[in-house]
Amino acid sequence: MTLGRLQGQTALITGGARGIGAAVARLYASEGASVAICYLDSPQMEKLAKDLVGELTENGSQAICLSGDLALPETPERLVKEINKQLGDISIVVANGAAMGRQKWNEISVEEWDRVQSVNGRGTWLLAKAAYEDLKRTKGSIITVTSVMVDTGQAGALHYSASKAAIVGITRALARELGPDGIRVNSVMPGAIQTEMELEIDPNQEEVAQYLYGVQALKRRGTSTDLAGAFLYLASQESSFVTGQILNVDGGWVMR
């Protein structure tokens, strides 16, 4: 039997109950990793997370789920401590959990601005800080999640775009800071991915698709499974000399 590319590793995945996080959890588990699915505490997300854990354990993987609000500064440390108790040292952190909204720039409240920044930017930093000692021991990897909106200047989500631009800076600065410890830090930059969150925000999917086919090189919608392989690459030894990089997965929307 061939061992998976993540055999023996433990991954913390925020925003893991659905969408991109769930697709990453499934792929990591299939490659031998133990996964901790972290989700925002709500009845809907709790059910999704527990169902996913049931699916993964039924398939022979080790998986747990933990709730927590990344807007609270104590959450990352609590999550790491609980994962240490149940699964051991963390070797992969996927900072995927995010707060998002759609408002005109001058209609965003200060409270909403602060929540988006605290979850997306500060939450990513605090996850890295909380998992640092584990990652030093495991020579692990941090994978952050930014957004194509950083490059496209998309209107209607200034607070979200600003937070995702901050994540690019956090990723590059952390790669410099943590490189001497053998820890790699990279980011995935998704384009417009057809997730449950997108369906909630943009119910007119035909209109969304028509717009995207005009800007993407690939004339189809991107899905969470289209993204998961990028997260596997960045977590595995196949990218052992890759750090500080932003990997676009956007169907050829933004090209460098």
# chains A, B, ... in the order shown; residues from 1 in each chain; ligands from 1

call {"tool": "closest_atom_pairs", "arguments": {"of": "region 116-157 of chain A", "to": "region 221-230 of chain A", "cutoff": "12 Å", "atoms": "only C-alpha atoms", "output": "Markdown table"}}
result
| residue | atom | partner | partner_atom | distance |
| --- | --- | --- | --- | --- |
| A:Ile143 | CA | A:Ala230 | CA | 10.0 |
| A:Thr144 | CA | A:Ala230 | CA | 11.6 |
| A:Val145 | CA | A:Leu227 | CA | 10.9 |

call {"tool": "closest_atom_pairs", "arguments": {"of": "region 130-247 of chain A", "to": "region 85-101 of chain A", "cutoff": "10 Å", "atoms": "only C-alpha atoms", "output": "CSV"}}
result
residue,atom,partner,partner_atom,distance
A:Ala131,CA,A:Ile90,CA,6.9
A:Tyr132,CA,A:Ile90,CA,9.1
A:Glu133,CA,A:Asp89,CA,8.8
A:Asp134,CA,A:Asp89,CA,5.3
A:Leu135,CA,A:Ser91,CA,5.5
A:Lys136,CA,A:Ser91,CA,8.7
A:Arg137,CA,A:Asp89,CA,8.0
A:Thr138,CA,A:Ser91,CA,5.5
A:Lys139,CA,A:Ser91,CA,7.0
A:Gly140,CA,A:Ser91,CA,4.4
A:Ser141,CA,A:Ile92,CA,5.0
A:Ile142,CA,A:Val93,CA,4.7
A:Ile143,CA,A:Val94,CA,4.8
A:Thr144,CA,A:Ala95,CA,4.8
A:Val145,CA,A:Asn96,CA,5.6
A:Thr146,CA,A:Asn96,CA,8.7
A:Gly156,CA,A:Gly101,CA,8.5
A:Ala157,CA,A:Gly101,CA,6.5
A:Leu158,CA,A:Gly101,CA,9.1
A:His159,CA,A:Gly101,CA,8.0
A:Tyr160,CA,A:Met100,CA,5.8
A:Ser161,CA,A:Met100,CA,9.3
A:Ser163,CA,A:Ala99,CA,9.5
A:Lys164,CA,A:Ala98,CA,9.5
A:Ile167,CA,A:Ala95,CA,9.9
A:Ile183,CA,A:Ser91,CA,9.3
A:Arg184,CA,A:Ile92,CA,9.7
A:Val185,CA,A:Val93,CA,9.4
A:Asn186,CA,A:Val94,CA,9.9
A:Ser187,CA,A:Ala95,CA,9.2
A:Val188,CA,A:Asn96,CA,9.5
A:Met197,CA,A:Met100,CA,9.2
A:Ile201,CA,A:Gly101,CA,8.2
A:Phe231,CA,A:Val94,CA,8.2
A:Leu234,CA,A:Ile92,CA,9.6
A:Ala235,CA,A:Ile92,CA,6.6
A:Ser236,CA,A:Ile92,CA,9.4

call {"tool": "write_last_selection", "arguments": {"atoms": "N, CA and C atoms", "output": "tab-separated table (two decimals), in the first residue's frame"}}
result
chain	number	residue	atom	x	y	z
A	131	ALA	N	0.27	28.39	16.63
A	131	ALA	CA	0.80	27.11	16.15
A	131	ALA	C	2.32	27.11	15.98
A	132	TYR	N	2.97	28.22	16.28
A	132	TYR	CA	4.40	28.38	15.96
A	132	TYR	C	5.27	27.28	16.57
A	133	GLU	N	5.11	26.99	17.85
A	133	GLU	CA	5.98	26.00	18.49
A	133	GLU	C	5.80	24.62	17.86
A	134	ASP	N	4.55	24.27	17.54
A	134	ASP	CA	4.30	23.01	16.84
A	134	ASP	C	5.01	23.01	15.49
A	135	LEU	N	4.83	24.07	14.74
A	135	LEU	CA	5.38	24.14	13.38
A	135	LEU	C	6.90	24.11	13.39
A	136	LYS	N	7.51	24.67	14.42
A	136	LYS	CA	8.97	24.59	14.55
A	136	LYS	C	9.42	23.15	14.71
A	137	ARG	N	8.68	22.41	15.53
A	137	ARG	CA	9.05	21.01	15.76
A	137	ARG	C	8.81	20.15	14.52
A	138	THR	N	7.75	20.43	13.80
A	138	THR	CA	7.38	19.59	12.66
A	138	THR	C	7.95	20.07	11.33
A	139	LYS	N	8.63	21.25	11.37
A	139	LYS	CA	9.09	21.89	10.11
A	139	LYS	C	7.90	22.00	9.15
A	140	GLY	N	6.86	22.61	9.68
A	140	GLY	CA	5.57	22.60	8.99
A	140	GLY	C	5.34	23.71	8.00
A	141	SER	N	4.07	23.89	7.67
A	141	SER	CA	3.68	24.79	6.59
A	141	SER	C	2.42	25.55	6.98
A	142	ILE	N	2.42	26.84	6.66
A	142	ILE	CA	1.22	27.67	6.82
A	142	ILE	C	0.73	28.03	5.42
A	143	ILE	N	-0.56	27.85	5.21
A	143	ILE	CA	-1.16	28.24	3.93
A	143	ILE	C	-2.28	29.23	4.24
A	144	THR	N	-2.10	30.45	3.80
A	144	THR	CA	-3.12	31.47	3.97
A	144	THR	C	-4.00	31.52	2.72
A	145	VAL	N	-5.08	32.26	2.81
A	145	VAL	CA	-6.00	32.38	1.67
A	145	VAL	C	-6.28	33.85	1.43
A	146	THR	N	-5.87	34.35	0.28
A	146	THR	CA	-6.15	35.72	-0.12
A	146	THR	C	-7.30	35.70	-1.13
A	156	GLY	N	-17.49	46.95	-4.20
A	156	GLY	CA	-18.53	46.37	-3.38
A	156	GLY	C	-18.03	45.55	-2.21
A	157	ALA	N	-16.72	45.49	-2.00
A	157	ALA	CA	-16.19	44.71	-0.88
A	157	ALA	C	-14.84	45.29	-0.44
A	158	LEU	N	-14.84	46.59	-0.17
A	158	LEU	CA	-13.59	47.26	0.20
A	158	LEU	C	-12.98	46.67	1.45
A	159	HIS	N	-13.81	46.40	2.47
A	159	HIS	CA	-13.27	45.87	3.73
A	159	HIS	C	-12.68	44.48	3.53
A	160	TYR	N	-13.34	43.65	2.73
A	160	TYR	CA	-12.84	42.30	2.45
A	160	TYR	C	-11.56	42.37	1.61
A	161	SER	N	-11.56	43.20	0.57
A	161	SER	CA	-10.38	43.33	-0.28
A	161	SER	C	-9.18	43.82	0.52
A	163	SER	N	-8.64	43.40	3.71
A	163	SER	CA	-8.18	42.33	4.60
A	163	SER	C	-7.39	41.28	3.84
A	164	LYS	N	-7.81	41.00	2.61
A	164	LYS	CA	-7.12	39.99	1.81
A	164	LYS	C	-5.79	40.52	1.26
A	167	ILE	N	-3.38	39.99	3.99
A	167	ILE	CA	-2.92	38.60	4.07
A	167	ILE	C	-1.73	38.36	3.14
A	183	ILE	N	10.04	26.66	8.51
A	183	ILE	CA	8.59	26.73	8.29
A	183	ILE	C	8.33	27.49	7.00
A	184	ARG	N	7.51	26.91	6.14
A	184	ARG	CA	7.15	27.57	4.88
A	184	ARG	C	5.80	28.25	5.02
A	185	VAL	N	5.66	29.41	4.36
A	185	VAL	CA	4.41	30.17	4.41
A	185	VAL	C	4.06	30.61	2.99
A	186	ASN	N	2.92	30.16	2.50
A	186	ASN	CA	2.46	30.50	1.16
A	186	ASN	C	0.97	30.83	1.20
A	187	SER	N	0.47	31.36	0.09
A	187	SER	CA	-0.94	31.72	0.04
A	187	SER	C	-1.56	31.24	-1.26
A	188	VAL	N	-2.81	30.84	-1.18
A	188	VAL	CA	-3.61	30.53	-2.36
A	188	VAL	C	-4.51	31.73	-2.64
A	197	MET	N	-21.06	29.94	0.12
A	197	MET	CA	-21.07	31.36	0.47
A	197	MET	C	-21.39	32.23	-0.74
A	201	ILE	N	-24.52	34.95	-1.36
A	201	ILE	CA	-24.30	36.37	-1.64
A	201	ILE	C	-24.78	36.74	-3.04
A	231	PHE	N	-3.68	23.49	-2.45
A	231	PHE	CA	-3.41	23.37	-1.01
A	231	PHE	C	-2.60	22.11	-0.71
A	234	LEU	N	1.07	22.82	-1.72
A	234	LEU	CA	1.77	23.71	-0.80
A	234	LEU	C	2.01	23.08	0.57
A	235	ALA	N	1.24	22.05	0.92
A	235	ALA	CA	1.44	21.36	2.19
A	235	ALA	C	2.43	20.21	2.09
A	236	SER	N	2.67	19.72	0.89
A	236	SER	CA	3.47	18.51	0.71
A	236	SER	C	4.94	18.82	0.46

call {"tool": "closest_residue", "arguments": {"among": "A:Ser147, A:Ser34, A:Ser118, A:Thr75", "to": "Ala63 (chain A)", "atoms": "only C-alpha atoms"}}
result
A:Ser34

call {"tool": "select_by_dssp", "arguments": {"residues": "region 79-134 of chain A", "states": "helix (DSSP H, G or I)", "output": "PyMOL selection string"}}
result
chain A and resi 79-87+105-107+110-134

call {"tool": "select_by_dssp", "arguments": {"residues": "region 79-216 of chain A", "states": "strand (DSSP E)", "output": "MDAnalysis selection string"}}
result
chainID A and resid 92:95 141:145 184:190

call {"tool": "write_last_selection", "arguments": {"atoms": "N, CA and C atoms", "output": "mmCIF file, in the first residue's frame"}}
result
data_model
loop_
_atom_site.group_PDB
_atom_site.id
_atom_site.type_symbol
_atom_site.label_atom_id
_atom_site.label_comp_id
_atom_site.auth_asym_id
_atom_site.auth_seq_id
_atom_site.Cartn_x
_atom_site.Cartn_y
_atom_site.Cartn_z
ATOM 1 N N ILE A 92 0.457 21.427 9.642
ATOM 2 C CA ILE A 92 -0.105 22.237 8.551
ATOM 3 C C ILE A 92 -1.186 23.133 9.138
ATOM 4 N N VAL A 93 -1.092 24.420 8.858
ATOM 5 C CA VAL A 93 -2.155 25.362 9.214
ATOM 6 C C VAL A 93 -2.733 25.920 7.927
ATOM 7 N N VAL A 94 -4.025 25.729 7.716
ATOM 8 C CA VAL A 94 -4.734 26.320 6.576
ATOM 9 C C VAL A 94 -5.648 27.409 7.129
ATOM 10 N N ALA A 95 -5.238 28.653 6.950
ATOM 11 C CA ALA A 95 -5.979 29.800 7.483
ATOM 12 C C ALA A 95 -7.018 30.223 6.446
ATOM 13 N N SER A 141 4.072 23.890 7.674
ATOM 14 C CA SER A 141 3.681 24.790 6.588
ATOM 15 C C SER A 141 2.424 25.552 6.977
ATOM 16 N N ILE A 142 2.417 26.840 6.661
ATOM 17 C CA ILE A 142 1.223 27.669 6.823
ATOM 18 C C ILE A 142 0.730 28.035 5.425
ATOM 19 N N ILE A 143 -0.561 27.848 5.207
ATOM 20 C CA ILE A 143 -1.165 28.240 3.928
ATOM 21 C C ILE A 143 -2.283 29.225 4.238
ATOM 22 N N THR A 144 -2.102 30.453 3.798
ATOM 23 C CA THR A 144 -3.123 31.472 3.973
ATOM 24 C C THR A 144 -3.999 31.515 2.723
ATOM 25 N N VAL A 145 -5.084 32.264 2.809
ATOM 26 C CA VAL A 145 -5.998 32.377 1.672
ATOM 27 C C VAL A 145 -6.282 33.851 1.426
ATOM 28 N N ARG A 184 7.505 26.914 6.143
ATOM 29 C CA ARG A 184 7.148 27.566 4.881
ATOM 30 C C ARG A 184 5.795 28.255 5.018
ATOM 31 N N VAL A 185 5.659 29.408 4.365
ATOM 32 C CA VAL A 185 4.407 30.172 4.409
ATOM 33 C C VAL A 185 4.056 30.607 2.994
ATOM 34 N N ASN A 186 2.921 30.158 2.503
ATOM 35 C CA ASN A 186 2.456 30.501 1.162
ATOM 36 C C ASN A 186 0.975 30.833 1.200
ATOM 37 N N SER A 187 0.474 31.357 0.093
ATOM 38 C CA SER A 187 -0.940 31.723 0.039
ATOM 39 C C SER A 187 -1.565 31.239 -1.259
ATOM 40 N N VAL A 188 -2.813 30.838 -1.176
ATOM 41 C CA VAL A 188 -3.609 30.531 -2.362
ATOM 42 C C VAL A 188 -4.509 31.734 -2.636
ATOM 43 N N MET A 189 -4.536 32.172 -3.895
ATOM 44 C CA MET A 189 -5.384 33.294 -4.311
ATOM 45 C C MET A 189 -6.495 32.760 -5.207
ATOM 46 N N PRO A 190 -7.660 32.450 -4.632
ATOM 47 C CA PRO A 190 -8.761 31.959 -5.450
ATOM 48 C C PRO A 190 -9.383 33.073 -6.286
#

call {"tool": "atom_distance", "arguments": {"atom1": "CA of Asp250 (chain A)", "atom2": "CA of Gln210 (chain A)"}}
result
15.3 Å

call {"tool": "residues_around", "arguments": {"residues": "Pro73 (chain A)", "least_positions_apart": "2", "cutoff": "10 Å", "atoms": "only C-alpha atoms", "output": "MDAnalysis selection string"}}
result
chainID A and resid 69:71 75:78 118:119 122:123 126:127

call {"tool": "write_last_selection", "arguments": {"atoms": "N, CA and C atoms", "output": "compact mmCIF listing (two decimals), in the first residue's frame"}}
result
# COMPACT_ATOMS: atom_id res chain seq x y z
N ASP A 69 -14.78 31.39 17.10
CA ASP A 69 -14.92 32.63 16.35
C ASP A 69 -13.55 33.30 16.27
N LEU A 70 -13.01 33.43 15.07
CA LEU A 70 -11.68 34.02 14.89
C LEU A 70 -11.66 35.51 15.18
N ALA A 71 -12.82 36.13 15.35
CA ALA A 71 -12.86 37.53 15.77
C ALA A 71 -12.43 37.69 17.22
N THR A 75 -9.27 32.67 20.48
CA THR A 75 -9.69 31.45 19.79
C THR A 75 -8.54 30.64 19.22
N PRO A 76 -7.59 31.23 18.48
CA PRO A 76 -6.53 30.40 17.89
C PRO A 76 -5.75 29.57 18.90
N GLU A 77 -5.39 30.17 20.02
CA GLU A 77 -4.62 29.43 21.03
C GLU A 77 -5.46 28.29 21.60
N ARG A 78 -6.75 28.52 21.84
CA ARG A 78 -7.62 27.46 22.35
C ARG A 78 -7.72 26.31 21.35
N SER A 118 -10.47 41.80 11.78
CA SER A 118 -10.05 40.98 12.92
C SER A 118 -10.08 39.49 12.58
N VAL A 119 -11.09 39.07 11.82
CA VAL A 119 -11.17 37.65 11.44
C VAL A 119 -10.10 37.31 10.40
N ARG A 122 -6.04 39.73 11.42
CA ARG A 122 -5.53 39.41 12.75
C ARG A 122 -5.67 37.92 13.05
N GLY A 123 -6.78 37.31 12.61
CA GLY A 123 -6.96 35.89 12.85
C GLY A 123 -5.88 35.04 12.22
N LEU A 126 -2.71 35.45 14.36
CA LEU A 126 -2.80 34.76 15.63
C LEU A 126 -2.79 33.24 15.48
N LEU A 127 -3.32 32.73 14.37
CA LEU A 127 -3.21 31.29 14.12
C LEU A 127 -1.74 30.88 13.97

call {"tool": "residues_around", "arguments": {"residues": "Pro43 (chain A)", "least_positions_apart": "6", "cutoff": "12 Å", "atoms": "only C-alpha atoms", "output": "list of chain:residue names"}}
result
A:Ala17, A:Ala49, A:Lys50, A:Ser67

call {"tool": "closest_residue", "arguments": {"among": "A:Ala162, A:Leu212, A:Val148, A:Phe241", "to": "Gly179 (chain A)", "atoms": "only C-alpha atoms"}}
result
A:Phe241

call {"tool": "atom_distance", "arguments": {"atom1": "CA of Gln62 (chain A)", "atom2": "CA of Val35 (chain A)"}}
result
6.6 Å

call {"tool": "atom_distance", "arguments": {"atom1": "CA of Ala155 (chain A)", "atom2": "CA of Thr171 (chain A)"}}
result
23.9 Å

call {"tool": "residues_around", "arguments": {"residues": "Leu79 (chain A)", "least_positions_apart": "6", "cutoff": "9 Å", "atoms": "only C-alpha atoms", "output": "list in words"}}
result
Leu12, Cys38, Leu66, Ser67, Gly68, Leu127 and Ala130 of chain A

call {"tool": "residues_around", "arguments": {"residues": "Val215 (chain A)", "least_positions_apart": "5", "cutoff": "12 Å", "atoms": "only C-alpha atoms", "output": "list in words"}}
result
Val148, Thr152, Gly191, Ala192, Val208, Ala209, Gln210, Arg220, Arg221, Asp250, Gly251, Gly252, Trp253, Val254 and Met255 of chain A

call {"tool": "closest_residue", "arguments": {"among": "A:Leu3, A:Leu72, A:Ala33, A:Val150", "to": "Thr57 (chain A)", "atoms": "only C-alpha atoms"}}
result
A:Ala33

call {"tool": "residues_around", "arguments": {"residues": "Gly32 (chain A)", "least_positions_apart": "2", "cutoff": "7 Å", "atoms": "only C-alpha atoms", "output": "list in words"}}
result
Gly4, Arg5, Leu6, Gln7, Gly8, Tyr28, Ala29, Ser30 and Ser34 of chain A

call {"tool": "closest_residue", "arguments": {"among": "A:Leu232, A:Leu40, A:Ala166, A:Val110", "to": "Arg26 (chain A)", "atoms": "only C-alpha atoms"}}
result
A:Leu232
